[in-house]
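Presented below is the structure to which this report refers.
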Amino acid sequence: EVFTSWGLETSRKVEREKLDAILHDLAHTEKYGQVLRAKGIVEGEDGNWIHFDYVPAEPNVRYGTAGVIGRLCVIGSGIDNDKIKEIFGL
């Protein structure tokens, strides 16, 4: 099995609750492909920067230092790039 990665920089803001829902969806469905790892930093709607790390069934979301621009990365097998963009609202 060959793993692929998807990555993107974004200035779009994300609500914390939305990010929690995205990570929950990645953990409980394979409609985006088999996601083995996801990580990133995005600006929250409130202006705080949200850092996240995901491995199956173990999402970790926390507030952290500011970034210049948001960054997202998803690694797995059979990743559907369009659906990943859609779930993040891009």
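Following the order of the structure tokens, chains are lettered A, B, ..., residues in each are numbered from 1, and ligands are numbered from 1.
Proximity to A:Asp80 at 8 Å, evaluated using only C-alpha atoms and with sequence-adjacent residues fewer than 6 positions away removed, yields Lys31, Tyr32 and Gly33 of chain A.
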Considering only C-alpha atoms, tabulate each residue of stretch 67-89 of chain A that lies at most 6 Å from stretch 40-48 of chain A along with its nearest interatomic pair and the corresponding distance in Å to one decimal; arrange the rows by chain and ascending residue number and present them as a tab-separated table.
residue	atom	partner	partner_atom	distance
A:Gly70	CA	A:Val42	CA	4.3
A:Arg71	CA	A:Gly40	CA	5.2
A:Leu72	CA	A:Gly40	CA	4.4
Using the selection just defined, write its residues with C-alpha atoms as an mmCIF file, in the first residue's frame.
data_model
loop_
_atom_site.group_PDB
_atom_site.id
_atom_site.type_symbol
_atom_site.label_atom_id
_atom_site.label_comp_id
_atom_site.auth_asym_id
_atom_site.auth_seq_id
_atom_site.Cartn_x
_atom_site.Cartn_y
_atom_site.Cartn_z
ATOM 1 C CA GLY A 70 -2.495 28.335 8.408
ATOM 2 C CA ARG A 71 -1.070 25.004 7.306
ATOM 3 C CA LEU A 72 -2.793 21.650 6.931
#
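We find atom CA of A:Tyr63 and atom CA of A:Lys18 to be spaced 14.6 Å apart.
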Counting only C-alpha atoms, which of A:Trp49, A:His28, A:Arg37, A:Asn60 gets nearest to A:Lys13?
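Comparing A:Trp49, A:His28, A:Arg37, A:Asn60 against A:Lys13, the winner is A:Trp49.
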Please report, as a count of residues only, each residue of stretch 8-82 of chain A to which DSSP assigns strand (DSSP E or B) when run on this structure's backbone.
39
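Using only C-alpha atoms, the shortest contact distance between A:Thr29 and any of A:Ile50, A:Thr4, A:Val74, A:Ala57 is found at A:Ala57.
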As an exercise, work out the distance from atom CA of A:Ile69 to atom CA of A:Ser11 in Å and give it to one decimal place.
5.6 Å
